[in-house]
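**Q** Mind looking over this structure? Questions follow.
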Amino acid sequence: MTMTVSLQQIADLVSGQLFGDPQTTVSGVSSIAEAGPGDLVFAESRRHVHEAESSAAAAVLTRHEPESGAKPAVVVSDPRTAFAAVLEWFAPKITGEPGVDPTARVHESAQLGENVSIGYNTFVGADVQIGAGVVILPFCYIGDGVRIGENTVINPHVTIYPTCRIGSRVIIHSGAVIGADGFGFNQVEGTHQKIPHIGSVLIHDDVEIGANVTIDRSRTGSTEIGEGTKIDNLVHVAHNVKVGRNCIIVAQVGISGSVVVGDNVILAGQAGVKDHVTIGDGAQVAARAGIIADVSKGSRIAGFPARSYGDQMRIWASLPNLPKLIKQVQALESRVNELQAQLAIGEASCYSEERVAE
Amino acid sequence: MTMTVSLQQIADLVSGQLFGDPQTTVSGVSSIAEAGPGDLVFAESRRHVHEAESSAAAAVLTRHEPESGAKPAVVVSDPRTAFAAVLEWFAPKITGEPGVDPTARVHESAQLGENVSIGYNTFVGADVQIGAGVVILPFCYIGDGVRIGENTVINPHVTIYPTCRIGSRVIIHSGAVIGADGFGFNQVEGTHQKIPHIGSVLIHDDVEIGANVTIDRSRTGSTEIGEGTKIDNLVHVAHNVKVGRNCIIVAQVGISGSVVVGDNVILAGQAGVKDHVTIGDGAQVAARAGIIADVSKGSRIAGFPARSYGDQMRIWASLPNLPKLIKQVQALESRVNELQAQLAIGEASCYSEERVAE
Amino acid sequence: MTMTVSLQQIADLVSGQLFGDPQTTVSGVSSIAEAGPGDLVFAESRRHVHEAESSAAAAVLTRHEPESGAKPAVVVSDPRTAFAAVLEWFAPKITGEPGVDPTARVHESAQLGENVSIGYNTFVGADVQIGAGVVILPFCYIGDGVRIGENTVINPHVTIYPTCRIGSRVIIHSGAVIGADGFGFNQVEGTHQKIPHIGSVLIHDDVEIGANVTIDRSRTGSTEIGEGTKIDNLVHVAHNVKVGRNCIIVAQVGISGSVVVGDNVILAGQAGVKDHVTIGDGAQVAARAGIIADVSKGSRIAGFPARSYGDQMRIWASLPNLPKLIKQVQALESRVNELQAQLAIGEASCYSEERVAE
């Protein structure tokens with residue numbers, strides 16, 4: 001599975017300027033934090049270049065000319081496009097057979113774009129529209145009226161309920177369920193009557209959805225995941241939620257109904273968000289945080305109930321002192337009692353000695 | 001997908017008395033809390049009627065004649081039946097084709113009731129019994145000996161292990177796994193030997209089970225979900241658990257082995273329950289609560305380890321003061337030390353001055 | 001489904017020595033903690049024998065000759081083998097039809113061992129190798145290049161992405177997703193560029209994987225689950241994680257990227273582990289613990305952020321006193337203020353009286 005190229009080949013691919021040994025061997029791509037020997041890393045800023053140079057990486061892709069020459073580098077003017085090209089080069093290719101597998105059930109009213117691959121035993125319902133280059137792997141259920149953009153990849157065992165809309169270049173991993181009914185009931189004489197959810201789910205372009213994720217359909221309108229947002233495994237997104245662009249939602253996060261998440265928000269693992277809360281753009285929510293109130297733009301919060309990161313850190317740092325503190329306060333109370341008693345005696349004796357002295 | 005009716009049509013449907021403009025347009029049904037323009041809401045009590053009248057809803061369905069006339073209303077004597085009829089009218093219809101799809105594998109010993117729909121590529125094992133009007137969508141696995149009541153809907157990609165029993169009017173969402181082995185092992189010389197789970201799962205009538213939920217089979221007897229209970233996505237119910245009637249179990253809750261949950265219990269999102277705990281009827285467990293001991297009937301609990309809601313609120317309100325409190329106590333200790341020193345000096349000087357005065 | 005045997009039959013099966021009534025009826029196997037009438041339990045140590053004797057169990061399997069005779073017993077020299085034999089006797093048999101189902105899609109390059117069962121509508125990709133006696137139930141997706149050892153059982157709706165390797169005697173429950181892409185991105189000008197994950201997943205022998213579990217493929221190398229480790233439902237294991245042997249990972253646990261878990265570790269339900277943390281052999285992590293730093297061998301930890309079990313217990317025991325403590329400290333401050341004032345007056349009066357006395 002491993003592919004090995006020279007740094008010269010990468011420089012050629014991205015039309016970049018090469019610094020250092022052109023024969024440097026590159027066998028993978030990594031973040032700077034996780035780089036090992038053989039990895040090419042991308043360094044956005046000069047600070048990242050310095051970090052990259054002290055990492056185990058084989059070489060750096062950047063727009064900044066190297067100062068130290070500590071590490072071979074390829075310098076380009078448009079690193080975003082260049083890095084994407086390198087990633088695509090190294091990425092494992094999804095092996096969908098071209099065309100519609102004979103075992104697949106594709107409704108006659110479905111419209112398929114060019115070079116669509118519909119895998120073994122996949123179901124495509126009525127009035128579905130699938131864009132060019134889409135790959136749908138085995139055992140997927142694409143409900144009636146679903147629309148899928150171009151070059152989207154849907155892994156085995158994905159369920160997309162009717163009328164959901166999926167953008168272009170989206171990746172959906174196995175077991176994800178898009179568009180199940182929102183969890184809404186009206187209590188009538190002690191029983192729970194199901195509220196119809198006639199809305200849908202709208203997944204914008206360049207989203208990635210992890211394995212066994214659930215994103216519920218809205219009551220009306222759409223539950224929405226913004227462009228470029230990446231969702232890890234086993235995340236729950238409830239009905240009517242609006243998630244913005246380029247968010248990172250880590251595994252096992254739960255987002256309750258009607259929550260609004262801004263752009264560029266990070267929700268770390270196992271965090272939870274109460275219904276109807278708004279999280280501002282660029283907010284960073286720590287792992288396992290429980291959010292019960294609106295979060296302002298750019299803030300960093302942690303804990304449950306969630307507070308500013310700094311306040312929460314101070315609380316966490318203080319907690320181990322609590323058992324001792326209780327004893328300290330008890331001891332202080334005793335001492336104050338004694339002092340009070342002494343003071344009473346002292347004053348009394350002072351007066352009485354006065355009297356003696358008189 | 002949107003359907004629009006007049007309030008007159010709704011009054012006709014439920015044989016109700018109409019107050020206000022009969023041409024009022026209704027395009028959906030909502031809870032009062034989430035109502036938007038065009039929504040019909042159900043108001044159980046007079047208090048709910050008042051709330052509904054100050055909501056954005058288009059009209060109210062209730063048994064109480066309107067006092068203010070602030071909102072068009074339909075009044076009925078049996079609101080439960082009426083509301084169910086309206087909900088059914090608005091609910092999206094599940095589009096199972098009648099009959100058994102030619103690609104489905106239905107064992108010859110399986111018994112199917114009238115108007116059963118078995119979808120594309122669905123597996124129905126030996127000795128399965130399926131009641132009238134049941135819809136099983138594509139890619140479901142119905143293991144040997146499973147029994148399903150009437151008018152139950154099973155969405156795509158549901159797995160029901162052998163011998164589980166499912167009631168009538170149950171809805172199971174995609175990816176749910178009913179009846180996998182309970183997680184039980186016996187440690188023998190450092191290895192974990194699997195305990196056989198020869199029990200089953202019993203889902204009573206009118207239960208709804210969310211996407212990617214897991215409900216494990218019991219060791220013997222049945223893991224049980226009571227009538228009318230609604231389970232949200234990604235919930236885990238372990239072996240031998242007994243859940244009562246009309247409970248609400250919100251997303252990502254985890255219920256450990258042999259827990260007993262009473263009737264009308266609410267377990268809010270991401271809560272967890274320790275094994276062998278009993279939760280009394282009507283208890284309300286807050287989001288993210290971790291329950292480690294029995295919960296009494298009707299109580300409201302929160303936090304981890306879970307406490308009464310009031311106690312937990314006081315702790316949460318107090319926590320931000322903890323870092324300051326530690327400093328306060330340190331300052332107090334210093335002051336008490338000083339006071340003690342002063343008192344000693346004061347007394348000494350008092351005595352000494354006495355002596356001087358003598 | 002229930003099977004009933006006499007204790008004599010069990011003694012014969014395991015070639016054990018029988019104490020007590022040979023006609024004792026045994027209808028199941030249990031852990032001592034959950035034993036009911038009719039259950040055979042396994043008792044490893046003398047202490048376990050005593051616990052078993054005071055349980056509801058019908059009989060005990062052990063290597064220790066009974067002292068009290070309070071309970072019928074079968075005594076063997078090799079209890080591990082004996083207990084496994086009894087468990088296998090009672091375990092429900094997985095009913096895979098022998099051979100390859102005609103609806104299954106098995107690539108011509110796939111190699112199947114003897115007595116392999118490939119169920120209805122299962123997909124087996126190119127270059128897959130499947131060992132003897134493996135049972136793959138309906139709707140499984142076995143990607144290209146996957147290798148599976150002997151006698152492994154894969155339940156319906158399991159997805160195994162290409163190149164993953166699964167050991168012998170492994171059990172994988174429905175909805176599990178093995179080998180989806182790790183959640184790794186590089187931020188480039190505000191967008192998240194997907195890092196290729198060209199690694200794999202390696203599941204060693206005798207592992208059990210619960211329903212709807214997700215185990216992600218590594219960036220390079222393998223995400224690894226050690227021999228004999230048991231994983232409950234809805235657990236998330238991120239890319240590059242290494243889990244040791246004979247671990248117990250309870251439902252809804254989340255393990256972040258590059259975590260190392262030693263042998264014989266217990267991670268209780270809903271616990272979470274931060275990325276790159278190492279958990280030492282034999283560590284016991286309490287339910288809902290959030291681990292943010294390395295855990296030493298054999299330690300017992302709880303809480304979030306996780307601490308030693310004892311420290312955490314003391315904090316939890318102290319927390320209910322916090323609201324009162326704040327009031328106590330306020331009261332103390334007032335009293336110290338008063339004392340200080342009194343002392344000032346006292347001293348002043350002492351002096352002034354001195355002056356009077358002079």
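Letters A, B, ... go to the chains of the structure tokens in the order shown; residues in each chain start at 1; ligands are counted from 1 in the same order.
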Counting only C-alpha atoms, give me one row per residue of chain A with an atom at most 8 Å from an atom of chain B, showing the shortest contact pair and its distance in Å to one decimal, sorted by chain then residue number, as a tab-separated table.
**A**
residue	atom	partner	partner_atom	distance
A:Arg105	CA	B:Tyr120	CA	7.9
A:Asn121	CA	B:Asn121	CA	7.6
A:Phe123	CA	B:Pro138	CA	7.8
A:Phe139	CA	B:Phe139	CA	7.3
A:Tyr141	CA	B:Pro156	CA	7.0
A:His157	CA	B:His157	CA	7.3
A:Thr159	CA	B:Ser174	CA	6.9
A:Gly175	CA	B:Gly175	CA	6.6
A:Val177	CA	B:Ser174	CA	6.5
A:Ala180	CA	B:His173	CA	6.7
A:Phe183	CA	B:Asp232	CA	6.1
A:Phe185	CA	B:Ser31	CA	7.5
A:Asn186	CA	B:Ser31	CA	6.1
A:Val188	CA	B:Arg80	CA	5.8
A:Glu189	CA	B:Arg80	CA	7.0
A:Gly190	CA	B:Asn246	CA	7.4
A:Thr191	CA	B:Asn246	CA	6.1
A:His192	CA	B:Asn246	CA	6.9
A:Gln193	CA	B:Ala84	CA	6.8
A:Lys194	CA	B:Leu87	CA	7.4
A:Ile195	CA	B:Ser30	CA	6.5
A:Pro196	CA	B:Ala91	CA	4.8
A:His197	CA	B:Ala91	CA	7.1
A:Ile198	CA	B:Pro92	CA	6.3
A:Asn212	CA	B:Asn212	CA	6.8
A:Thr214	CA	B:Ala211	CA	6.6
A:Arg219	CA	B:Ser30	CA	8.0
A:Thr220	CA	B:Gly28	CA	8.0
A:Leu234	CA	B:Leu234	CA	7.5
A:His236	CA	B:Asn233	CA	7.2
A:Gly254	CA	B:Gln252	CA	7.3
A:Gly272	CA	B:Gln270	CA	7.6
A:Gly290	CA	B:Arg288	CA	7.8
A:Pro305	CA	B:Trp316	CA	7.5
A:Asp311	CA	B:Pro320	CA	7.3
A:Arg314	CA	B:Pro323	CA	6.2
A:Ile315	CA	B:Pro323	CA	6.0
A:Ser318	CA	B:Pro323	CA	5.5
A:Leu319	CA	B:Leu322	CA	7.6
A:Asn321	CA	B:Ile326	CA	7.9
A:Leu325	CA	B:Ile326	CA	7.0
A:Gln328	CA	B:Val329	CA	7.7
A:Val329	CA	B:Val329	CA	7.0
A:Leu332	CA	B:Glu333	CA	6.8
A:Arg335	CA	B:Val336	CA	7.6
A:Val336	CA	B:Val336	CA	7.0
A:Leu339	CA	B:Gln340	CA	6.7
A:Leu343	CA	B:Leu343	CA	7.2
A:Gly346	CA	B:Glu347	CA	6.3
A:Cys350	CA	B:Cys350	CA	6.6
A:Glu353	CA	B:Glu354	CA	7.1
A:Glu354	CA	B:Glu354	CA	7.3
A:Ala357	CA	B:Glu358	CA	6.0
**Q** Please return, as a ChimeraX atom specification, all residues of range 86-322 of chain B that DSSP assigns to strand (DSSP E) on the basis of the backbone.
**A** /B:99-100,105-106,111-112,117-118,123-124,129-130,135-136,141-142,147-148,153-154,159-160,165-166,171-172,177-178,185-188,191-194,200-203,208-209,214-215,222-225,230-231,236-237,242-243,248-249,254-255,260-261,266-267,272-273,278-279,284-285,290-291,300-302,307-308
**Q** Residues at most 9 Å from Val243 in chain B, counting only C-alpha atoms, excluding those fewer than 4 positions away in the same chain, as a list in words?
**A**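 The residues that qualify are Thr223, Glu224, Ile225, Gly226, Thr229, Cys247, Val259, Val260, Val261, Gly262, Asp263 and Val265 of chain B.
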**Q** Suppose we keep N, CA and C atoms; can you now write the selection as a PDB file, in the first residue's frame?
**A**
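Contents of the output file selection-v4.pdb:
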ATOM      1  N   THR B 223     -34.374  -8.512  27.917  1.00  0.00           N
ATOM      2  CA  THR B 223     -34.214  -7.066  28.040  1.00  0.00           C
ATOM      3  C   THR B 223     -35.515  -6.471  27.515  1.00  0.00           C
ATOM      4  N   GLU B 224     -36.072  -5.471  28.216  1.00  0.00           N
ATOM      5  CA  GLU B 224     -37.437  -5.085  27.903  1.00  0.00           C
ATOM      6  C   GLU B 224     -37.593  -3.568  27.789  1.00  0.00           C
ATOM      7  N   ILE B 225     -38.313  -3.123  26.765  1.00  0.00           N
ATOM      8  CA  ILE B 225     -38.630  -1.700  26.598  1.00  0.00           C
ATOM      9  C   ILE B 225     -40.151  -1.574  26.640  1.00  0.00           C
ATOM     10  N   GLY B 226     -40.648  -0.783  27.632  1.00  0.00           N
ATOM     11  CA  GLY B 226     -42.087  -0.727  27.888  1.00  0.00           C
ATOM     12  C   GLY B 226     -42.863   0.060  26.840  1.00  0.00           C
ATOM     13  N   THR B 229     -42.619   3.917  25.097  1.00  0.00           N
ATOM     14  CA  THR B 229     -41.330   4.563  25.382  1.00  0.00           C
ATOM     15  C   THR B 229     -40.638   4.970  24.089  1.00  0.00           C
ATOM     16  N   CYS B 247     -41.518   6.225  28.706  1.00  0.00           N
ATOM     17  CA  CYS B 247     -40.279   6.926  29.051  1.00  0.00           C
ATOM     18  C   CYS B 247     -39.749   7.676  27.832  1.00  0.00           C
ATOM     19  N   VAL B 259     -30.292  -2.688  34.945  1.00  0.00           N
ATOM     20  CA  VAL B 259     -30.955  -1.489  35.466  1.00  0.00           C
ATOM     21  C   VAL B 259     -32.463  -1.635  35.290  1.00  0.00           C
ATOM     22  N   VAL B 260     -33.217  -1.114  36.249  1.00  0.00           N
ATOM     23  CA  VAL B 260     -34.676  -1.064  36.141  1.00  0.00           C
ATOM     24  C   VAL B 260     -35.104   0.399  36.073  1.00  0.00           C
ATOM     25  N   VAL B 261     -35.781   0.775  35.004  1.00  0.00           N
ATOM     26  CA  VAL B 261     -36.289   2.141  34.830  1.00  0.00           C
ATOM     27  C   VAL B 261     -37.808   2.072  34.908  1.00  0.00           C
ATOM     28  N   GLY B 262     -38.420   2.891  35.783  1.00  0.00           N
ATOM     29  CA  GLY B 262     -39.869   2.869  35.963  1.00  0.00           C
ATOM     30  C   GLY B 262     -40.619   3.455  34.779  1.00  0.00           C
ATOM     31  N   ASP B 263     -41.898   3.775  34.987  1.00  0.00           N
ATOM     32  CA  ASP B 263     -42.724   4.395  33.951  1.00  0.00           C
ATOM     33  C   ASP B 263     -42.512   5.907  33.942  1.00  0.00           C
ATOM     34  N   VAL B 265     -40.364   7.935  32.977  1.00  0.00           N
ATOM     35  CA  VAL B 265     -39.058   8.481  33.361  1.00  0.00           C
ATOM     36  C   VAL B 265     -38.472   9.241  32.167  1.00  0.00           C
TER      37      VAL B 265
END
**Q** Can you pull out the residues contacting Gly182 in chain C? Cut-off 7 Å, using only C-alpha atoms, and skip same-chain residues under 5 positions away; I want them as number ranges by chain.
**A** C: 197, 216-219, 238-239
**Q** Residues within 12 Å of range 65-70 of chain B, please, as JSON, numbers by chain. Count only C-alpha atoms; anything in the same chain fewer than 5 positions from it doesn't count.
**A** {"B": [16, 17, 18, 19, 20, 21, 43, 44, 45, 46, 47, 48, 49, 50, 51, 52, 53, 54, 55, 56, 57, 58, 59, 60, 75, 76, 77]}
